[in-house]
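Next comes my_file-v1.csv, a file with CSV, C-alpha atoms and all ligand atoms.
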```csv
chain,number,residue,atom,x,y,z
A,1,MET,CA,10.1,25.3,6.1
A,2,ASN,CA,7.5,22.9,4.8
A,3,THR,CA,9.1,22.5,1.4
A,4,TYR,CA,9.1,18.6,1.3
A,5,ALA,CA,6.4,16.0,1.5
A,6,ARG,CA,8.7,13.7,3.5
A,7,LEU,CA,8.2,10.0,4.0
A,8,PRO,CA,8.0,9.0,7.7
A,9,VAL,CA,11.4,7.3,8.0
A,10,SER,CA,14.9,8.4,9.0
A,11,PHE,CA,18.0,6.4,8.3
A,12,THR,CA,20.9,6.0,10.8
A,13,HIS,CA,23.5,4.3,8.7
A,14,GLY,CA,24.1,2.5,5.4
A,15,GLN,CA,26.4,0.0,3.7
A,16,GLY,CA,26.6,-0.5,-0.1
A,17,VAL,CA,23.0,-0.5,-1.5
A,18,TRP,CA,21.5,-1.0,2.0
A,19,LEU,CA,20.2,1.5,4.6
A,20,TRP,CA,18.9,1.0,8.1
A,21,ASP,CA,16.3,3.1,9.9
A,22,GLU,CA,16.0,4.1,13.5
A,23,ALA,CA,14.1,0.9,14.4
A,24,GLY,CA,16.8,-1.2,12.8
A,25,LYS,CA,14.7,-2.1,9.7
A,26,LYS,CA,16.8,-2.7,6.5
A,27,TYR,CA,16.0,-1.1,3.1
A,28,LEU,CA,17.3,-1.9,-0.4
A,29,ASP,CA,18.1,1.6,-1.7
A,30,ALA,CA,17.2,1.8,-5.4
A,31,LEU,CA,17.4,5.6,-5.4
A,32,ALA,CA,20.8,6.4,-4.1
A,33,GLY,CA,19.7,9.7,-2.6
A,34,ILE,CA,18.4,10.8,-6.1
A,35,ALA,CA,21.4,9.6,-8.2
A,36,VAL,CA,23.9,11.0,-5.7
A,37,SER,CA,25.5,8.0,-3.9
A,38,GLY,CA,26.8,6.1,-6.9
A,39,LEU,CA,29.3,4.3,-4.8
A,40,GLY,CA,26.6,3.2,-2.3
A,41,HIS,CA,26.7,4.1,1.4
A,42,SER,CA,29.9,4.2,3.5
A,43,HIS,CA,32.2,3.4,0.7
A,44,PRO,CA,35.7,3.1,2.4
A,45,ALA,CA,37.5,5.2,-0.3
A,46,ILE,CA,35.1,8.1,0.3
A,47,VAL,CA,35.2,7.8,4.1
A,48,LYS,CA,39.0,7.9,3.9
A,49,ALA,CA,39.2,10.8,1.6
A,50,ILE,CA,36.8,13.0,3.6
A,51,THR,CA,38.2,12.2,7.0
A,52,GLU,CA,41.8,12.7,5.9
A,53,GLN,CA,41.0,15.9,4.2
A,54,ALA,CA,39.0,17.2,7.1
A,55,ALA,CA,41.9,16.8,9.3
A,56,LYS,CA,44.1,18.9,7.0
A,57,VAL,CA,41.9,21.8,5.8
A,58,ILE,CA,38.3,22.0,4.9
A,59,HIS,CA,37.9,25.5,3.4
A,60,THR,CA,40.2,28.3,2.3
A,61,SER,CA,38.1,30.1,-0.4
A,62,ASN,CA,38.7,31.0,-4.0
A,63,LEU,CA,40.8,34.0,-3.1
A,64,TYR,CA,43.7,31.4,-3.1
A,65,GLU,CA,44.8,28.6,-5.3
A,66,VAL,CA,43.2,25.2,-4.4
A,67,ARG,CA,45.4,22.3,-5.5
A,68,LEU,CA,42.7,19.7,-5.2
A,69,GLN,CA,40.3,21.8,-7.3
A,70,GLU,CA,43.0,22.0,-10.0
A,71,MET,CA,43.5,18.2,-9.9
A,72,LEU,CA,39.7,17.6,-10.1
A,73,ALA,CA,39.3,20.0,-13.0
A,74,ASP,CA,42.1,18.3,-14.9
A,75,ARG,CA,40.6,14.9,-14.2
A,76,LEU,CA,37.1,16.0,-15.3
A,77,CYS,CA,38.5,17.5,-18.5
A,78,GLU,CA,40.4,14.3,-19.2
A,79,LEU,CA,37.2,12.2,-18.8
A,80,SER,CA,35.0,14.5,-20.9
A,81,GLY,CA,37.3,16.2,-23.5
A,82,MET,CA,36.3,19.6,-22.1
A,83,ASP,CA,38.7,22.5,-21.5
A,84,GLU,CA,37.8,24.2,-18.3
A,85,VAL,CA,35.7,24.0,-15.2
A,86,PHE,CA,33.8,26.3,-12.8
A,87,PHE,CA,33.0,24.7,-9.4
A,88,CYS,CA,29.9,25.4,-7.3
A,89,THR,CA,27.7,23.3,-4.9
A,90,SER,CA,24.6,22.1,-6.6
A,91,GLY,CA,23.0,21.2,-9.9
A,92,SER,CA,21.0,24.4,-10.0
A,93,GLU,CA,24.1,26.5,-9.6
A,94,ALA,CA,25.9,24.5,-12.3
A,95,ASN,CA,23.0,25.3,-14.6
A,96,GLU,CA,23.0,29.0,-13.5
A,97,CYS,CA,26.6,29.1,-14.5
A,98,ALA,CA,25.8,27.6,-17.9
A,99,ILE,CA,22.9,30.2,-18.5
A,100,LYS,CA,25.1,33.1,-17.5
A,101,LEU,CA,28.0,31.8,-19.7
A,102,ALA,CA,25.7,31.5,-22.7
A,103,ARG,CA,24.4,35.1,-22.2
A,104,LEU,CA,27.9,36.5,-21.9
A,105,TYR,CA,29.0,34.5,-24.9
A,106,GLY,CA,26.2,36.0,-26.9
A,107,HIS,CA,27.1,39.5,-25.6
A,108,HIS,CA,30.7,39.1,-26.7
A,109,ASN,CA,29.5,38.0,-30.1
A,110,GLY,CA,27.2,41.0,-30.6
A,111,VAL,CA,23.9,39.2,-29.7
A,112,ALA,CA,21.9,41.4,-27.3
A,113,ASN,CA,19.4,39.7,-25.0
A,114,GLY,CA,20.5,36.2,-25.9
A,115,ALA,CA,17.9,33.5,-25.8
A,116,ILE,CA,18.3,29.8,-24.9
A,117,ILE,CA,16.3,27.0,-26.4
A,118,VAL,CA,15.0,24.7,-23.7
A,119,MET,CA,12.8,21.6,-23.7
A,120,GLU,CA,9.3,20.5,-22.6
A,121,GLN,CA,9.5,18.3,-19.4
A,122,ALA,CA,13.1,19.5,-18.8
A,123,TRP,CA,14.4,19.8,-15.3
A,124,HIS,CA,17.3,22.2,-14.6
A,125,GLY,CA,16.7,23.3,-11.0
A,126,ARG,CA,14.8,25.6,-8.7
A,127,THR,CA,16.7,28.9,-8.6
A,128,LEU,CA,14.8,31.6,-10.6
A,129,ALA,CA,16.7,31.2,-13.9
A,130,THR,CA,16.9,27.4,-13.8
A,131,LEU,CA,13.2,27.2,-12.8
A,132,SER,CA,12.4,29.3,-15.8
A,133,ALA,CA,14.5,26.9,-18.0
A,134,THR,CA,12.7,24.0,-16.4
A,135,GLY,CA,9.6,22.7,-18.3
A,136,ASN,CA,7.3,22.0,-15.3
A,137,ARG,CA,4.4,24.4,-14.8
A,138,LYS,CA,3.7,23.0,-11.4
A,139,ALA,CA,7.1,23.9,-10.1
A,140,GLN,CA,6.9,27.3,-11.7
A,141,ALA,CA,3.4,28.3,-10.6
A,142,GLY,CA,3.3,31.4,-8.4
A,143,PHE,CA,6.9,32.3,-8.9
A,144,GLU,CA,6.2,34.7,-11.8
A,145,PRO,CA,7.7,36.8,-13.2
A,146,LEU,CA,10.0,34.1,-14.5
A,147,VAL,CA,13.4,35.0,-16.0
A,148,PRO,CA,12.9,35.8,-19.7
A,149,GLY,CA,15.2,34.6,-22.5
A,150,PHE,CA,14.1,31.0,-22.8
A,151,ILE,CA,12.4,29.5,-25.9
A,152,ARG,CA,10.6,26.2,-25.2
A,153,VAL,CA,10.3,23.4,-27.8
A,154,PRO,CA,9.1,19.8,-27.7
A,155,TYR,CA,11.8,17.3,-26.6
A,156,ASN,CA,13.4,14.9,-29.1
A,157,ASP,CA,12.1,17.0,-32.0
A,158,ALA,CA,14.8,18.5,-34.2
A,159,GLN,CA,12.3,20.1,-36.5
A,160,ALA,CA,10.9,22.2,-33.6
A,161,VAL,CA,14.5,23.5,-33.0
A,162,ARG,CA,14.9,24.4,-36.7
A,163,GLN,CA,11.6,26.3,-36.6
A,164,ALA,CA,12.6,28.2,-33.5
A,165,ALA,CA,15.8,29.2,-35.3
A,166,GLU,CA,13.8,30.6,-38.1
A,167,HIS,CA,11.7,32.8,-35.8
A,168,SER,CA,14.4,34.2,-33.5
A,169,ARG,CA,17.6,36.0,-34.4
A,170,ASN,CA,19.0,36.1,-30.8
A,171,ILE,CA,19.4,32.4,-29.9
A,172,VAL,CA,22.8,31.8,-28.3
A,173,ALA,CA,22.5,28.2,-26.9
A,174,ILE,CA,20.5,25.0,-26.5
A,175,LEU,CA,20.1,23.6,-23.0
A,176,VAL,CA,19.1,20.0,-23.0
A,177,GLU,CA,19.3,16.7,-21.0
A,178,VAL,CA,20.1,13.8,-23.3
A,179,LEU,CA,18.1,11.6,-20.9
A,180,GLN,CA,15.5,13.5,-19.0
A,181,GLY,CA,15.4,12.4,-15.3
A,182,GLU,CA,12.7,14.3,-13.4
A,183,GLY,CA,10.7,14.6,-16.6
A,184,GLY,CA,10.1,10.8,-16.6
A,185,ILE,CA,13.3,9.0,-17.8
A,186,ASN,CA,12.8,10.1,-21.4
A,187,VAL,CA,15.7,9.0,-23.6
A,188,ALA,CA,16.6,11.2,-26.6
A,189,ASP,CA,17.4,9.5,-29.9
A,190,THR,CA,21.1,9.5,-30.8
A,191,GLU,CA,20.3,11.0,-34.1
A,192,TYR,CA,18.5,13.9,-32.4
A,193,VAL,CA,21.5,14.6,-30.1
A,194,ARG,CA,23.8,14.6,-33.2
A,195,LEU,CA,21.4,17.0,-35.0
A,196,LEU,CA,21.5,19.4,-32.1
A,197,ARG,CA,25.3,19.3,-32.3
A,198,GLU,CA,25.1,20.2,-36.0
A,199,LEU,CA,22.5,22.9,-35.5
A,200,CYS,CA,24.7,24.5,-32.9
A,201,ASP,CA,27.8,24.4,-35.1
A,202,GLU,CA,25.8,25.8,-38.0
A,203,HIS,CA,24.4,28.8,-36.0
A,204,ASN,CA,27.4,29.3,-33.7
A,205,TRP,CA,25.2,28.4,-30.6
A,206,LEU,CA,26.4,26.6,-27.6
A,207,LEU,CA,25.3,23.1,-27.0
A,208,MET,CA,24.8,22.8,-23.3
A,209,ILE,CA,24.1,19.3,-22.1
A,210,ASP,CA,22.8,19.1,-18.5
A,211,GLU,CA,24.4,15.9,-17.1
A,212,VAL,CA,23.6,16.7,-13.5
A,213,GLN,CA,21.6,13.5,-13.1
A,214,SER,CA,22.9,11.4,-16.0
A,215,GLY,CA,26.6,12.1,-15.5
A,216,ILE,CA,29.4,10.4,-13.5
A,217,GLY,CA,28.8,6.9,-14.8
A,218,ARG,CA,25.0,6.7,-14.2
A,219,THR,CA,24.2,5.5,-17.7
A,220,GLY,CA,27.3,3.3,-18.2
A,221,LYS,CA,29.4,6.0,-19.7
A,222,TRP,CA,31.1,8.8,-17.8
A,223,PHE,CA,28.6,11.2,-19.4
A,224,ALA,CA,25.3,10.2,-21.2
A,225,HIS,CA,26.1,12.2,-24.3
A,226,GLN,CA,29.1,10.0,-24.9
A,227,TRP,CA,26.6,7.4,-26.2
A,228,ALA,CA,25.9,9.7,-29.1
A,229,ASP,CA,29.6,10.4,-29.6
A,230,VAL,CA,29.3,14.2,-29.5
A,231,ARG,CA,31.0,16.7,-27.3
A,232,PRO,CA,28.9,19.5,-25.7
A,233,ASP,CA,30.2,23.1,-25.5
A,234,VAL,CA,29.0,23.4,-21.9
A,235,MET,CA,28.2,20.6,-19.4
A,236,PRO,CA,26.7,21.2,-15.9
A,237,LEU,CA,27.4,18.4,-13.4
A,238,ALA,CA,26.5,17.8,-9.7
A,239,LYS,CA,24.5,14.9,-8.1
A,240,GLY,CA,26.9,11.9,-8.4
A,241,LEU,CA,30.1,13.9,-8.4
A,242,GLY,CA,30.8,14.1,-4.7
A,243,SER,CA,29.1,11.0,-3.4
A,244,GLY,CA,27.0,13.2,-1.1
A,245,VAL,CA,29.4,16.0,-0.3
A,246,PRO,CA,27.7,18.9,-2.1
A,247,ILE,CA,29.6,19.8,-5.3
A,248,GLY,CA,28.6,21.0,-8.7
A,249,ALA,CA,30.6,21.8,-11.8
A,250,CYS,CA,30.1,23.6,-15.1
A,251,LEU,CA,32.5,22.5,-17.8
A,252,ALA,CA,33.2,24.4,-21.0
A,253,ALA,CA,35.0,23.6,-24.2
A,254,GLY,CA,36.0,25.2,-27.5
A,255,ARG,CA,34.2,28.5,-28.2
A,256,ALA,CA,32.6,28.4,-24.7
A,257,ALA,CA,36.0,28.3,-23.0
A,258,GLY,CA,37.5,31.6,-21.9
A,259,VAL,CA,34.2,33.4,-21.8
A,260,PHE,CA,34.3,34.2,-18.1
A,261,LYS,CA,37.0,36.6,-16.7
A,262,PRO,CA,37.8,37.3,-13.1
A,263,GLY,CA,34.8,39.1,-11.6
A,264,ASN,CA,32.2,37.6,-14.0
A,265,HIS,CA,31.2,34.7,-11.7
A,266,GLY,CA,32.0,33.1,-8.4
A,267,ALA,CA,30.9,30.9,-5.5
A,268,THR,CA,32.2,31.1,-1.9
A,269,PHE,CA,32.0,27.4,-1.3
A,270,GLY,CA,32.8,26.3,-4.9
A,271,GLY,CA,35.5,23.7,-5.3
A,272,GLY,CA,36.6,23.6,-1.7
A,273,PRO,CA,39.3,21.1,-0.6
A,274,LEU,CA,36.8,18.8,1.2
A,275,ALA,CA,34.3,18.5,-1.7
A,276,CYS,CA,37.1,18.1,-4.2
A,277,ALA,CA,38.7,15.3,-2.2
A,278,ALA,CA,35.4,13.5,-2.2
A,279,ALA,CA,34.9,14.0,-5.9
A,280,LEU,CA,38.5,12.9,-6.8
A,281,ALA,CA,37.9,9.8,-4.7
A,282,THR,CA,34.5,9.2,-6.4
A,283,LEU,CA,36.1,9.3,-9.8
A,284,GLU,CA,39.0,7.1,-8.8
A,285,ALA,CA,36.8,4.4,-7.2
A,286,THR,CA,34.4,4.5,-10.2
A,287,GLU,CA,37.3,3.8,-12.5
A,288,LYS,CA,39.1,1.3,-10.2
A,289,GLU,CA,36.0,-0.8,-9.7
A,290,SER,CA,35.1,-0.7,-13.4
A,291,LEU,CA,31.7,0.8,-12.6
A,292,LEU,CA,30.9,2.1,-16.1
A,293,PRO,CA,30.6,-1.3,-17.7
A,294,HIS,CA,29.1,-2.7,-14.5
A,295,ALA,CA,26.4,0.0,-14.5
A,296,ALA,CA,25.6,-0.7,-18.1
A,297,ALA,CA,25.3,-4.5,-17.4
A,298,MET,CA,23.3,-4.1,-14.2
A,299,GLY,CA,20.9,-1.7,-16.1
A,300,GLU,CA,20.4,-4.4,-18.8
A,301,LEU,CA,19.8,-7.0,-16.2
A,302,ILE,CA,17.2,-4.9,-14.3
A,303,ARG,CA,15.4,-3.8,-17.4
A,304,ALA,CA,15.3,-7.3,-18.9
A,305,GLY,CA,14.3,-8.8,-15.5
A,306,LEU,CA,11.5,-6.4,-15.1
A,307,ALA,CA,10.3,-6.9,-18.7
A,308,GLU,CA,10.1,-10.6,-18.0
A,309,ALA,CA,8.6,-10.3,-14.5
A,310,LEU,CA,6.0,-7.8,-15.6
A,311,ALA,CA,5.1,-9.4,-18.9
A,312,GLY,CA,1.3,-9.4,-19.4
A,313,VAL,CA,0.6,-6.7,-16.8
A,314,ALA,CA,-1.5,-4.3,-18.9
A,315,ALA,CA,-0.9,-1.4,-16.5
A,316,VAL,CA,2.8,-1.3,-17.5
A,317,LYS,CA,3.2,0.8,-20.6
A,318,GLU,CA,6.9,0.9,-21.1
A,319,ILE,CA,10.2,0.0,-19.4
A,320,ARG,CA,13.0,2.3,-20.5
A,321,GLY,CA,16.3,4.1,-19.7
A,322,LYS,CA,20.0,3.7,-20.0
A,323,GLY,CA,22.4,2.0,-17.5
A,324,LEU,CA,21.1,2.6,-14.0
A,325,MET,CA,18.7,5.4,-14.9
A,326,ILE,CA,15.5,3.3,-15.3
A,327,GLY,CA,11.8,4.3,-15.7
A,328,ILE,CA,8.8,2.0,-15.6
A,329,GLU,CA,5.8,3.9,-17.1
A,330,LEU,CA,2.4,2.9,-15.9
A,331,ASP,CA,-1.0,3.8,-17.4
A,332,ARG,CA,-2.1,5.6,-14.2
A,333,PRO,CA,-0.7,7.8,-11.4
A,334,CYS,CA,1.3,5.6,-9.1
A,335,GLY,CA,2.8,7.8,-6.4
A,336,GLU,CA,1.2,5.5,-3.9
A,337,LEU,CA,3.8,2.8,-4.9
A,338,VAL,CA,6.5,4.7,-3.1
A,339,ARG,CA,4.9,4.2,0.3
A,340,ARG,CA,4.1,0.6,-0.4
A,341,ALA,CA,7.7,0.0,-1.3
A,342,LEU,CA,8.9,1.7,1.8
A,343,GLU,CA,6.8,-0.5,4.0
A,344,ASP,CA,8.3,-3.4,2.1
A,345,GLY,CA,11.8,-2.2,2.7
A,346,LEU,CA,12.5,-0.9,-0.8
A,347,LEU,CA,13.4,2.7,-1.7
A,348,ILE,CA,12.1,3.9,-5.1
A,349,ASN,CA,10.7,7.1,-6.5
A,350,VAL,CA,7.9,8.1,-8.8
A,351,THR,CA,8.3,11.0,-11.2
A,352,ALA,CA,6.1,12.6,-13.8
A,353,GLU,CA,3.2,11.0,-11.8
A,354,ARG,CA,3.2,7.7,-13.7
A,355,VAL,CA,6.8,6.7,-14.0
A,356,VAL,CA,8.5,4.5,-11.3
A,357,ARG,CA,12.1,5.7,-11.3
A,358,LEU,CA,15.1,3.6,-10.3
A,359,LEU,CA,18.5,5.2,-9.7
A,360,PRO,CA,20.3,2.5,-7.7
A,361,PRO,CA,24.0,2.9,-6.6
A,362,LEU,CA,26.3,1.9,-9.4
A,363,VAL,CA,27.9,-0.7,-7.1
A,364,ILE,CA,24.7,-2.8,-7.0
A,365,SER,CA,25.6,-6.5,-7.4
A,366,ALA,CA,23.8,-8.9,-9.8
A,367,GLU,CA,22.2,-10.6,-6.8
A,368,GLU,CA,21.0,-7.4,-5.4
A,369,ALA,CA,19.7,-6.3,-8.8
A,370,ARG,CA,17.7,-9.6,-9.1
A,371,GLU,CA,16.3,-9.0,-5.6
A,372,LEU,CA,15.3,-5.5,-6.7
A,373,VAL,CA,13.5,-6.9,-9.7
A,374,THR,CA,11.6,-9.6,-7.8
A,375,ARG,CA,10.5,-7.2,-5.0
A,376,LEU,CA,9.5,-4.3,-7.3
A,377,ALA,CA,7.7,-6.6,-9.8
A,378,ALA,CA,5.6,-8.1,-7.0
A,379,LEU,CA,4.7,-4.6,-5.8
A,380,ILE,CA,3.7,-3.4,-9.3
A,381,ARG,CA,1.7,-6.5,-10.0
A,382,ALA,CA,-0.2,-6.1,-6.7
A,383,PHE,CA,-0.8,-2.4,-7.4
A,384,ALA,CA,-2.1,-3.1,-10.9
A,385,ALA,CA,-4.3,-5.9,-9.7
A,386,LYS,CA,-5.8,-3.9,-6.8
A,387,GLN,CA,-6.5,-0.9,-9.1
A,388,ALA,CA,-8.1,-3.1,-11.7
A,389,ALA,CA,-10.4,-4.8,-9.2
B,1,LIG,C1,18.6,17.5,-9.9
B,1,LIG,C2,18.8,18.2,-11.2
B,1,LIG,C3,19.1,19.5,-11.2
B,1,LIG,C4,19.1,20.4,-10.0
B,1,LIG,O1,20.1,20.0,-9.1
B,1,LIG,P1,20.1,20.5,-7.6
B,1,LIG,O2,21.4,20.0,-7.0
B,1,LIG,O3,18.8,20.0,-7.0
B,1,LIG,O4,20.0,22.0,-7.6
B,1,LIG,C5,19.4,20.1,-12.5
B,1,LIG,N1,19.4,19.3,-13.6
B,1,LIG,C6,19.1,18.0,-13.6
B,1,LIG,C7,19.1,17.3,-14.9
B,1,LIG,C8,18.8,17.4,-12.4
B,1,LIG,O5,18.4,16.1,-12.4
```

Kindly present the structure from the file in structure tokens form.
Amino acid sequence: MNTYARLPVSFTHGQGVWLWDEAGKKYLDALAGIAVSGLGHSHPAIVKAITEQAAKVIHTSNLYEVRLQEMLADRLCELSGMDEVFFCTSGSEANECAIKLARLYGHHNGVANGAIIVMEQAWHGRTLATLSATGNRKAQAGFEPLVPGFIRVPYNDAQAVRQAAEHSRNIVAILVEVLQGEGGINVADTEYVRLLRELCDEHNWLLMIDEVQSGIGRTGKWFAHQWADVRPDVMPLAKGLGSGVPIGACLAAGRAAGVFKPGNHGATFGGGPLACAAALATLEATEKESLLPHAAAMGELIRAGLAEALAGVAAVKEIRGKGLMIGIELDRPCGELVRRALEDGLLINVTAERVVRLLPPLVISAEEARELVTRLAALIRAFAAKQAA
């Protein structure tokens, strides 16, 4: 179906931060398949884990015990301080799990028709419930009736959440990204994240932090909320978890743990041996190669480099982000930059119309990061100059 406005290029193979197209042209990949390929392309640990597991068994279903799924759940709980995990195959599905969990949690606690507070500019997926939670009218248009039970408030505004609490008696949870990705790389204040934690404790709501894009080391911590030193009650994951093998996860802790019983939720493909082998190898390599401090350092290098290289360019409004989740906001729509960069052998993305988004592999070297800065800054300067003329 015609669901994507695709760019006219197809890649045949990759290595680290580099991809090659059918004509043999080489590209610097500053997008990593939308924050998926954190270890870059063809990482030997992932290739080994997948090929070895494929030769043993790929799928058995959740009618049986799956050892690799148990091991992955243990590891994710260790890294996050969470208590239990449900596995699925995408970010939308991980958020669906969170939404169903919050409703059932409310139901168990005598709250009928539980409502979830969600944010403006939020992105939680494209299934009907997650699309309804998403704060993007363009994505929602035509798909009404949307799923009810969401209360939308401005992002990074604790007062708006307090006001919502005064008007509704049936709130069961807050669903929030601590760093909005699709919404334009908007970073929430640490103080705001801590206030959300307090409000949830005060009202017995679940704090559900969508780490689908910001998780698995992307911001320089395993999970972006760890910068604020809080623990969520529910945490959906996906993108970077399996290095490209589809896997999603929804983690729960404290009062959110134990809500689901057999029969409440499920997924045929969820947590299969192949995907879990890929995810375990991803976590192991991320740790072994010290990619968390590396991602933080490369993020600083890129942001500082861009700030210097783009100094005095009036069209550049702000350079922001955390770790390797970076946004460059321009004063005008700049979707056209994606095509220009592609011609130039550079893969970038534009989100929220005016924000150039960079999500390079976590393994990007300092030299590659400097090359990215030089090439992108030249493109943005030329774009700004042409538009001004
Ligand atoms: C990408 C994304 C999703 C949706 O994930 P899919 O795998 O595309 O379903 C949900 N939440 C956030 C924060 C995302 O970035």

Return as a PDB file with C-alpha atoms, keeping the file's coordinate frame the residues of protein, DNA or RNA that approach ligand LIG 1 (chain B) to within 6 Å, with all atoms listed in the file taken into account.
```
ATOM      1  CA  SER A  90      24.600  22.100  -6.600  1.00  0.00           C
ATOM      2  CA  GLY A  91      23.000  21.200  -9.900  1.00  0.00           C
ATOM      3  CA  SER A  92      21.000  24.400 -10.000  1.00  0.00           C
ATOM      4  CA  TRP A 123      14.400  19.800 -15.300  1.00  0.00           C
ATOM      5  CA  HIS A 124      17.300  22.200 -14.600  1.00  0.00           C
ATOM      6  CA  GLY A 125      16.700  23.300 -11.000  1.00  0.00           C
ATOM      7  CA  GLY A 181      15.400  12.400 -15.300  1.00  0.00           C
ATOM      8  CA  ASP A 210      22.800  19.100 -18.500  1.00  0.00           C
ATOM      9  CA  GLU A 211      24.400  15.900 -17.100  1.00  0.00           C
ATOM     10  CA  VAL A 212      23.600  16.700 -13.500  1.00  0.00           C
ATOM     11  CA  GLN A 213      21.600  13.500 -13.100  1.00  0.00           C
TER      12      GLN A 213
END
```

Residues of segment 16-116 of chain A at most 8 Å from segment 360-370 of chain A: nearest atom pair and distance in Å, all atoms listed in the file, as CSV:
```
residue,atom,partner,partner_atom,distance
A:Gly16,CA,A:Val363,CA,7.1
A:Val17,CA,A:Ile364,CA,6.2
A:Asp29,CA,A:Pro360,CA,6.5
A:Ala30,CA,A:Pro360,CA,3.9
A:Leu31,CA,A:Pro360,CA,4.8
A:Ala32,CA,A:Pro360,CA,5.3
A:Ala35,CA,A:Pro360,CA,7.2
A:Ser37,CA,A:Pro361,CA,6.0
A:Gly38,CA,A:Pro361,CA,4.3
A:Leu39,CA,A:Val363,CA,5.7
A:Gly40,CA,A:Pro361,CA,5.0
```

Just the residues within 12 Å of Ile116 of chain A, please, counting all atoms listed in the file, with nothing from its chain fewer than 6 positions along; format it as a compact mmCIF listing (two decimals) with C-alpha atoms, in the frame of the given file.
```
# COMPACT_ATOMS: atom_id res chain seq x y z
CA ALA A 98 25.80 27.60 -17.90
CA ILE A 99 22.90 30.20 -18.50
CA LYS A 100 25.10 33.10 -17.50
CA LEU A 101 28.00 31.80 -19.70
CA ALA A 102 25.70 31.50 -22.70
CA ARG A 103 24.40 35.10 -22.20
CA TYR A 105 29.00 34.50 -24.90
CA GLY A 106 26.20 36.00 -26.90
CA ALA A 129 16.70 31.20 -13.90
CA THR A 130 16.90 27.40 -13.80
CA SER A 132 12.40 29.30 -15.80
CA ALA A 133 14.50 26.90 -18.00
CA THR A 134 12.70 24.00 -16.40
CA VAL A 147 13.40 35.00 -16.00
CA PRO A 148 12.90 35.80 -19.70
CA GLY A 149 15.20 34.60 -22.50
CA PHE A 150 14.10 31.00 -22.80
CA ILE A 151 12.40 29.50 -25.90
CA ARG A 152 10.60 26.20 -25.20
CA VAL A 153 10.30 23.40 -27.80
CA VAL A 161 14.50 23.50 -33.00
CA ALA A 164 12.60 28.20 -33.50
CA ALA A 165 15.80 29.20 -35.30
CA SER A 168 14.40 34.20 -33.50
CA ARG A 169 17.60 36.00 -34.40
CA ASN A 170 19.00 36.10 -30.80
CA ILE A 171 19.40 32.40 -29.90
CA VAL A 172 22.80 31.80 -28.30
CA ALA A 173 22.50 28.20 -26.90
CA ILE A 174 20.50 25.00 -26.50
CA LEU A 175 20.10 23.60 -23.00
CA VAL A 176 19.10 20.00 -23.00
CA CYS A 200 24.70 24.50 -32.90
CA TRP A 205 25.20 28.40 -30.60
CA LEU A 206 26.40 26.60 -27.60
CA LEU A 207 25.30 23.10 -27.00
CA MET A 208 24.80 22.80 -23.30
```

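We find atom CA of Leu199 of chain A and atom CA of Glu120 of chain A to be spaced 18.6 Å apart.
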
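One distance worth recording is that between atom CA of Arg375 of chain A and atom CA of Ala315 of chain A, which is 17.2 Å.
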
note = Atom pair atom CA of Ala297 of chain A + atom CA of Arg231 of chain A, distance 24.1 Å

Go through segment 177-259 of chain A residue by residue and, counting all atoms listed in the file, keep those with an atom at most 10 Å from segment 325-332 of chain A; for each kept residue give the shortest atom pair and its distance in Å to one decimal, ordered by chain and increasing number, as a tab-separated table.
```
residue	atom	partner	partner_atom	distance
A:Leu179	CA	A:Met325	CA	8.6
A:Gln180	CA	A:Met325	CA	9.6
A:Gly181	CA	A:Met325	CA	7.7
A:Gly184	CA	A:Gly327	CA	6.8
A:Ile185	CA	A:Gly327	CA	5.4
A:Asn186	CA	A:Gly327	CA	8.2
A:Val187	CA	A:Met325	CA	9.9
A:Gln213	CA	A:Met325	CA	8.8
A:Ser214	CA	A:Met325	CA	7.4
A:Arg218	CA	A:Met325	CA	6.5
A:Thr219	CA	A:Met325	CA	6.2
A:Gly220	CA	A:Met325	CA	9.4
```

message = Please list as a ChimeraX atom specification every residue within 10 Å of Asp229 of chain A, counting all atoms listed in the file and excluding residues in the same chain fewer than 5 positions away.
response = /A:190,193-194,224

Could you give me, as an mmCIF file with C-alpha atoms, keeping the file's coordinate frame, the residues within 10 Å of Asp157 of chain A, counting only C-alpha atoms and dropping anything in the same chain fewer than 6 positions from it?
```
data_model
loop_
_atom_site.group_PDB
_atom_site.id
_atom_site.type_symbol
_atom_site.label_atom_id
_atom_site.label_comp_id
_atom_site.auth_asym_id
_atom_site.auth_seq_id
_atom_site.Cartn_x
_atom_site.Cartn_y
_atom_site.Cartn_z
ATOM 1 C CA MET A 119 12.800 21.600 -23.700
ATOM 2 C CA ALA A 188 16.600 11.200 -26.600
ATOM 3 C CA ASP A 189 17.400 9.500 -29.900
ATOM 4 C CA TYR A 192 18.500 13.900 -32.400
ATOM 5 C CA VAL A 193 21.500 14.600 -30.100
ATOM 6 C CA LEU A 195 21.400 17.000 -35.000
ATOM 7 C CA LEU A 196 21.500 19.400 -32.100
#
```

remark   = Of A:Gly321, A:Ala252, A:Ala296, A:Gln387, the one nearest to Pro333 of chain A when counting only C-alpha atoms is A:Gln387

ask   = Which residues, written as a ChimeraX atom specification, have at least one atom at most 12 Å from Asp344 of chain A, with all atoms listed in the file counted and residues fewer than 3 positions away on the same chain left out?
value = /A:25-29,337-341,347-348,372,375-376,378-379

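Excluding Lys288 of chain A itself and same-chain residues fewer than 5 positions from it, the residues having an atom within 12 Å of it are Leu39, Ala45, Ala281, Thr282, Leu283, Pro293, His294 and Val363 of chain A, counting only C-alpha atoms.
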
Counting all atoms listed in the file, the residue of A:Ile117, A:Met71, A:Val230, A:Val178 that sits nearest Pro273 of chain A = A:Met71
